[in-house]
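**Student:** Coordinates in query_21.tsv, TSV, C-alpha atoms, are listed below.
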chain	number	residue	atom	x	y	z
A	1	MET	CA	0.00	0.00	0.00
A	2	THR	CA	1.30	3.45	-0.94
A	3	GLU	CA	0.72	6.15	1.64
A	4	LEU	CA	1.97	9.70	2.12
A	5	ARG	CA	1.54	11.50	5.41
A	6	ILE	CA	2.12	15.26	5.70
A	7	PHE	CA	1.52	16.58	9.20
A	8	ASP	CA	1.46	20.36	8.65
A	9	PRO	CA	-1.11	21.93	6.26
A	10	ALA	CA	1.52	24.54	5.31
A	11	ASP	CA	3.90	21.76	4.24
A	12	ARG	CA	1.09	20.11	2.26
A	13	GLU	CA	0.47	23.43	0.49
A	14	SER	CA	4.20	23.89	-0.15
A	15	LEU	CA	4.54	20.40	-1.62
A	16	GLY	CA	1.41	20.97	-3.70
A	17	ALA	CA	2.94	24.15	-5.18
A	18	PHE	CA	6.12	22.21	-6.02
A	19	VAL	CA	4.20	19.42	-7.77
A	20	ALA	CA	1.93	21.90	-9.59
A	21	ARG	CA	4.97	23.69	-11.03
A	22	ALA	CA	6.56	20.40	-12.10
A	23	VAL	CA	3.33	19.34	-13.85
A	24	ARG	CA	3.03	22.75	-15.51
A	25	LEU	CA	6.52	22.32	-16.99
A	26	ASP	CA	5.82	18.71	-18.01
A	27	GLY	CA	2.25	17.42	-18.13
A	28	GLN	CA	3.50	13.83	-17.74
A	29	ALA	CA	5.88	14.57	-14.88
A	30	MET	CA	6.68	11.79	-12.43
A	31	VAL	CA	7.50	12.64	-8.82
A	32	ARG	CA	9.78	10.47	-6.76
A	33	LEU	CA	9.03	10.47	-3.03
A	34	ARG	CA	11.93	9.35	-0.88
A	35	ARG	CA	12.31	9.18	2.88
A	36	ARG	CA	15.36	11.16	3.98
A	37	ASN	CA	14.93	10.15	7.61
A	38	GLU	CA	12.13	9.30	10.03
A	39	LYS	CA	10.63	12.80	9.84
A	40	VAL	CA	11.48	14.20	6.38
A	41	VAL	CA	10.27	13.27	2.88
A	42	GLU	CA	12.02	14.49	-0.27
A	43	ALA	CA	10.07	15.02	-3.49
A	44	TRP	CA	12.09	14.84	-6.73
A	45	ALA	CA	11.09	15.69	-10.29
A	46	THR	CA	12.79	15.99	-13.65
A	47	THR	CA	12.34	19.06	-15.85
A	48	PRO	CA	12.46	19.86	-19.59
A	49	PHE	CA	15.74	21.68	-18.80
A	50	ASP	CA	17.49	18.36	-18.07
A	51	VAL	CA	18.04	19.19	-14.39
A	52	LEU	CA	16.51	17.73	-11.25
A	53	VAL	CA	14.43	19.71	-8.79
A	54	THR	CA	13.63	18.79	-5.21
A	55	ARG	CA	11.71	19.98	-2.17
A	56	ALA	CA	11.72	18.49	1.34
A	57	VAL	CA	8.88	18.56	3.86
A	58	GLU	CA	8.20	16.97	7.22
A	59	GLY	CA	6.31	13.76	6.72
A	60	GLU	CA	6.37	10.02	6.10
A	61	VAL	CA	6.05	7.90	2.98
A	62	THR	CA	5.42	4.18	2.51
A	63	PRO	CA	7.24	2.57	0.81
A	64	SER	CA	10.33	4.62	1.65
A	65	ASP	CA	11.17	5.28	-2.02
A	66	VAL	CA	8.37	5.38	-4.59
A	67	THR	CA	7.63	7.16	-7.88
A	68	VAL	CA	4.09	8.35	-8.61
A	69	SER	CA	2.29	10.40	-11.26
A	70	GLY	CA	2.63	14.13	-10.64
A	71	ASN	CA	-1.01	14.66	-11.63
A	72	GLU	CA	-2.29	12.03	-9.20
A	73	LEU	CA	-0.10	13.31	-6.39
A	74	LEU	CA	-1.27	16.87	-7.03
A	75	ALA	CA	-4.91	15.73	-6.87
A	76	ALA	CA	-4.28	13.96	-3.55
A	77	LEU	CA	-2.54	17.00	-2.06
A	78	THR	CA	-5.32	19.31	-3.25
A	79	VAL	CA	-8.38	17.27	-2.37
A	80	THR	CA	-7.41	15.29	0.76
A	81	ARG	CA	-8.04	17.08	4.04
A	82	SER	CA	-6.53	14.37	6.23
A	83	ASP	CA	-2.80	14.23	6.95
A	84	ARG	CA	-2.80	10.76	5.35
A	85	MET	CA	-3.30	10.37	1.62
A	86	ASP	CA	-2.90	7.96	-1.27
A	87	PRO	CA	-0.41	9.57	-3.70
A	88	GLY	CA	-1.32	7.16	-6.50
A	89	PRO	CA	-0.05	3.77	-7.64
A	90	PRO	CA	3.71	3.18	-7.89
A	91	GLN	CA	5.23	4.06	-11.28
A	92	ASP	CA	8.83	3.20	-10.41
A	93	LEU	CA	9.70	1.94	-13.90
A	94	LEU	CA	8.99	5.40	-15.32
A	95	TRP	CA	11.73	7.05	-13.25
A	96	ARG	CA	14.91	7.00	-15.33
A	97	SER	CA	17.10	9.70	-13.76
A	98	GLU	CA	20.01	9.13	-11.45
A	99	LEU	CA	19.81	10.78	-8.03
A	100	PRO	CA	22.92	12.03	-6.24
A	101	THR	CA	24.28	9.79	-3.51
A	102	ASN	CA	24.22	10.96	0.08
A	103	SER	CA	27.66	12.51	-0.29
A	104	GLU	CA	28.66	15.43	1.86
A	105	TRP	CA	27.92	18.63	-0.04
A	106	GLN	CA	30.67	21.23	0.10
A	107	PRO	CA	29.48	24.86	0.39
A	108	VAL	CA	30.90	26.98	-2.44
A	109	ASP	CA	29.28	30.42	-2.17
A	110	ASP	CA	26.02	32.33	-1.64
A	111	LEU	CA	24.61	34.38	-4.53
A	112	PRO	CA	22.23	37.34	-4.04
A	113	VAL	CA	18.80	36.25	-5.19
A	114	LYS	CA	18.41	39.42	-7.28
A	115	VAL	CA	21.51	38.56	-9.35
A	116	VAL	CA	20.21	35.05	-10.02
A	117	SER	CA	16.68	36.30	-10.78
A	118	ASP	CA	17.91	39.01	-13.18
A	119	LEU	CA	20.06	36.50	-15.09
A	120	ALA	CA	17.13	34.08	-15.32
A	121	ASP	CA	14.83	36.86	-16.59
A	122	ARG	CA	17.34	37.78	-19.29
A	123	GLY	CA	17.61	34.15	-20.29
A	124	VAL	CA	13.82	33.85	-20.53
A	125	GLU	CA	13.73	36.88	-22.85
A	126	LEU	CA	16.39	35.33	-25.09
A	127	ALA	CA	14.55	32.01	-25.06
A	128	ARG	CA	11.34	33.67	-26.26
A	129	GLU	CA	13.25	35.10	-29.19
A	130	ASN	CA	14.95	31.77	-29.99
A	131	VAL	CA	12.47	28.96	-29.32
A	132	GLY	CA	13.83	25.48	-30.12
A	133	PRO	CA	12.04	22.85	-32.24
A	134	GLN	CA	10.41	21.26	-29.17
A	135	GLY	CA	9.11	24.58	-27.86
A	136	THR	CA	11.93	24.76	-25.31
A	137	PRO	CA	14.98	27.05	-25.31
A	138	PRO	CA	17.74	25.90	-27.71
A	139	ALA	CA	20.43	23.68	-26.18
A	140	SER	CA	23.11	26.25	-27.04
A	141	LEU	CA	21.37	28.78	-24.77
A	142	MET	CA	20.64	26.30	-21.97
A	143	ASP	CA	24.25	25.05	-21.94
A	144	GLN	CA	25.71	28.55	-21.75
A	145	ASN	CA	27.59	29.02	-18.47
A	146	VAL	CA	26.32	32.25	-16.94
A	147	LEU	CA	28.06	32.12	-13.56
A	148	THR	CA	31.36	30.79	-12.27
A	149	VAL	CA	31.41	30.37	-8.50
A	150	SER	CA	34.58	29.62	-6.57
A	151	GLY	CA	34.97	28.31	-3.05
A	152	PRO	CA	37.11	25.96	-0.98
A	153	GLY	CA	38.12	23.10	-3.25
A	154	HIS	CA	35.63	23.82	-6.03
A	155	GLU	CA	35.16	26.06	-9.04
A	156	VAL	CA	31.60	25.60	-10.21
A	157	LYS	CA	30.17	26.69	-13.55
A	158	VAL	CA	26.41	27.28	-13.48
A	159	PRO	CA	24.65	26.79	-16.84
A	160	MET	CA	21.58	28.76	-17.86
A	161	ARG	CA	19.43	25.61	-17.72
A	162	CYS	CA	19.79	25.62	-13.92
A	163	LEU	CA	18.51	29.20	-13.74
A	164	PHE	CA	15.62	28.35	-16.08
A	165	ALA	CA	14.65	25.58	-13.65
A	166	LEU	CA	14.95	27.86	-10.60
A	167	SER	CA	12.69	30.40	-12.31
A	168	GLY	CA	10.25	27.90	-13.85
A	169	MET	CA	9.73	26.16	-10.49
A	170	GLY	CA	9.19	29.45	-8.68
A	171	PHE	CA	12.07	28.77	-6.29
A	172	VAL	CA	13.36	32.36	-6.21
A	173	ASP	CA	11.55	35.54	-5.23
A	174	SER	CA	13.39	38.71	-6.28
A	175	SER	CA	11.25	40.80	-3.94
A	176	LEU	CA	13.11	39.22	-1.00
A	177	GLY	CA	16.18	41.40	-1.41
A	178	GLU	CA	18.21	39.83	1.39
A	179	ASP	CA	17.63	36.26	0.16
A	180	VAL	CA	20.46	34.18	-1.29
A	181	VAL	CA	20.85	31.13	-3.50
A	182	ARG	CA	23.30	28.76	-1.84
A	183	VAL	CA	25.72	27.00	-4.21
A	184	SER	CA	27.20	23.69	-3.10
A	185	ALA	CA	28.91	20.84	-4.91
A	186	THR	CA	30.44	17.41	-4.81
A	187	ASP	CA	32.96	16.12	-7.33
A	188	ALA	CA	30.07	14.91	-9.48
A	189	TRP	CA	27.13	17.23	-8.76
A	190	LEU	CA	26.13	20.90	-8.57
A	191	ARG	CA	23.33	22.04	-6.26
A	192	LEU	CA	21.53	25.40	-6.00
A	193	ASP	CA	19.38	25.82	-2.89
A	194	ALA	CA	16.81	28.61	-2.91
A	195	ARG	CA	13.99	29.50	-0.50
A	196	TYR	CA	11.37	27.20	-2.06
A	197	GLY	CA	13.44	24.30	-3.41
A	198	ALA	CA	16.70	23.14	-4.95
A	199	VAL	CA	18.02	22.48	-8.47
A	200	LEU	CA	20.64	19.79	-9.11
A	201	ARG	CA	22.68	18.84	-12.14
A	202	ARG	CA	25.60	16.55	-12.85
A	203	ARG	CA	28.83	18.49	-13.29
A	204	ARG	CA	30.19	15.96	-15.75
A	205	ALA	CA	28.58	13.32	-17.93
A	206	LEU	CA	28.65	9.68	-16.98
A	207	LEU	CA	31.15	7.60	-18.94
A	208	PRO	CA	29.51	5.16	-21.35
A	209	LEU	CA	29.66	1.47	-20.51
A	210	LEU	CA	31.96	-0.59	-22.72
A	211	PHE	CA	31.03	-4.16	-23.56
What would the structure in this file look like if it were written as structure tokens?
**Tutor:**
Amino acid sequence: MTELRIFDPADRESLGAFVARAVRLDGQAMVRLRRRNEKVVEAWATTPFDVLVTRAVEGEVTPSDVTVSGNELLAALTVTRSDRMDPGPPQDLLWRSELPTNSEWQPVDDLPVKVVSDLADRGVELARENVGPQGTPPASLMDQNVLTVSGPGHEVKVPMRCLFALSGMGFVDSSLGEDVVRVSATDAWLRLDARYGAVLRRRRALLPLLF
């Protein structure tokens, strides 16, 4: 039996906003629910920008790692008034993205939210002028590195696709002038943490398997 339990109505609303954004970006979005510990559930989704997005809330999920339809999960979060809900049947075979391991993330730097928001807005304007064949921004624009952030042991290049995801998921609010976007990294992954969620992307491609 699949069950999601969210104790706080504010957390249920926050998770609902996350899932609604993911479904708006991709009508067939799958959401992976994974127990971080006994009290926290992580929700993960892919995006058309080829980056992962995640949001954590206090709660419980059974089984401890399950993928469900974003549309069904959104309906459960919207309609159910109890703290217990059925997020929909498992769709684990439809999740095809690697998740980062539980490595220790190294802090790199904090970026003013206004800088990140302004860069994302400029990128959106360029994307509207140069729409790709699938209705998404062209790969050349998404792969453009717009920020280079240096910190202890890491120099991290942030591509435009990460800022598109931050903006498209509503993770940043430029009206909060003192807010920051926290940049952290491992050897393999880049992570941008904003007020309402995080964006993650591999820093280097996986090597192909040789047979």
**Student:** Taking only C-alpha atoms into account, name the residue in A:Gly170, A:Gly70, A:Pro107, A:Gly59 that is nearest to Trp95 in chain A.
**Tutor:**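 Of the candidates, the smallest distance to Trp95 in chain A is held by A:Gly70.
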**Student:** Work out how far CA of Val57 in chain A is from CA of Asp11 in chain A, in Å to one decimal.
**Tutor:**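 Computing the Euclidean distance for CA of Asp11 in chain A and CA of Val57 in chain A yields 5.9 Å.
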**Student:** Got a sec: who's within 9 Å of Leu25 in chain A, counting only C-alpha atoms, leaving out chain neighbours fewer than 3 positions off, as a compact mmCIF listing (two decimals) with C-alpha atoms, in the coordinates of the input?
**Tutor:**
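Writing done, so here's out21.txt:
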# COMPACT_ATOMS: atom_id res chain seq x y z
CA ALA A 20 1.93 21.90 -9.59
CA ARG A 21 4.97 23.69 -11.03
CA ALA A 22 6.56 20.40 -12.10
CA ALA A 29 5.88 14.57 -14.88
CA THR A 47 12.34 19.06 -15.85
CA PRO A 48 12.46 19.86 -19.59
CA GLY A 168 10.25 27.90 -13.85
CA MET A 169 9.73 26.16 -10.49
**Student:** What gap, in Å, lies between CA of Trp105 in chain A and CA of Asp65 in chain A?
**Tutor:** 21.5 Å
**Student:** Quick one: residues within 12 Å of Met160 in chain A, all atoms listed in the file, excluding same-chain residues fewer than 3 positions away - as a VMD selection string?
**Tutor:** chain A and resid 49 to 51 116 to 124 126 to 127 137 to 148 157 163 to 167 199 201
**Student:** Smallest atom-to-atom distance to Pro89 in chain A: which of A:Val180, A:Ala194, A:Val68, A:Val41, using only C-alpha atoms?
**Tutor:**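 Of the candidates, the smallest distance to Pro89 in chain A is held by A:Val68.
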**Student:** Taking into account all atoms listed in the file, which residue in the set A:Met85, A:Val23, A:Val158, A:Val115 is nearest to Glu178 in chain A?
**Tutor:**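 Among the listed residues, the smallest separation from Glu178 in chain A belongs to A:Val115.
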**Student:** CA of Arg84 in chain A to CA of Glu72 in chain A: how many Å, to one decimal?
**Tutor:**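 Between CA of Arg84 in chain A and CA of Glu72 in chain A the gap is 14.6 Å.
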**Student:** Identify which of the residues A:Val53, A:Leu77, A:Val66, A:Met30 lies closest to Phe7 in chain A, counting all atoms listed in the file when measuring atom-to-atom distances.
**Tutor:**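 Closest to Phe7 in chain A of all the choices is A:Leu77.
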**Student:** Which residue, A:Asp179, A:Glu104, A:Asp86, A:Glu58, has the smallest gap to Leu4 in chain A when you use only C-alpha atoms?
**Tutor:**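 Result for the nearest residue to Leu4 in chain A: A:Asp86.
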**Student:** Between A:Arg161, A:Arg36, A:Arg182, A:Arg55, single out the one closest to Asn102 in chain A, counting only C-alpha atoms.
**Tutor:** A:Arg36
**Student:** Can you tell me which residues surround Glu13 in chain A at a distance of at most 12 Å, considering all atoms listed in the file, apart from same-chain residues fewer than 6 positions away, and format the answer as a PyMOL selection string?
**Tutor:** chain A and resi 6-7+19-20+57+74-81+83+196
**Student:** Which protein, DNA or RNA residues have an atom at most 7 Å from (14.6, 30.0, -0.8), counting all atoms listed in the file? List them as a list in words.
**Tutor:** Phe171, Val172, Val181, Asp193, Ala194, Arg195, Tyr196 and Gly197 of chain A
**Student:** Keeping only C-alpha atoms, write the selected residues as a short mmCIF file (atom, residue, chain, number, x, y, z; two decimals), in the frame of the given file.
**Tutor:**
data_model
loop_
_atom_site.label_atom_id
_atom_site.label_comp_id
_atom_site.auth_asym_id
_atom_site.auth_seq_id
_atom_site.Cartn_x
_atom_site.Cartn_y
_atom_site.Cartn_z
CA PHE A 171 12.07 28.77 -6.29
CA VAL A 172 13.36 32.36 -6.21
CA VAL A 181 20.85 31.13 -3.50
CA ASP A 193 19.38 25.82 -2.89
CA ALA A 194 16.81 28.61 -2.91
CA ARG A 195 13.99 29.50 -0.50
CA TYR A 196 11.37 27.20 -2.06
CA GLY A 197 13.44 24.30 -3.41
#
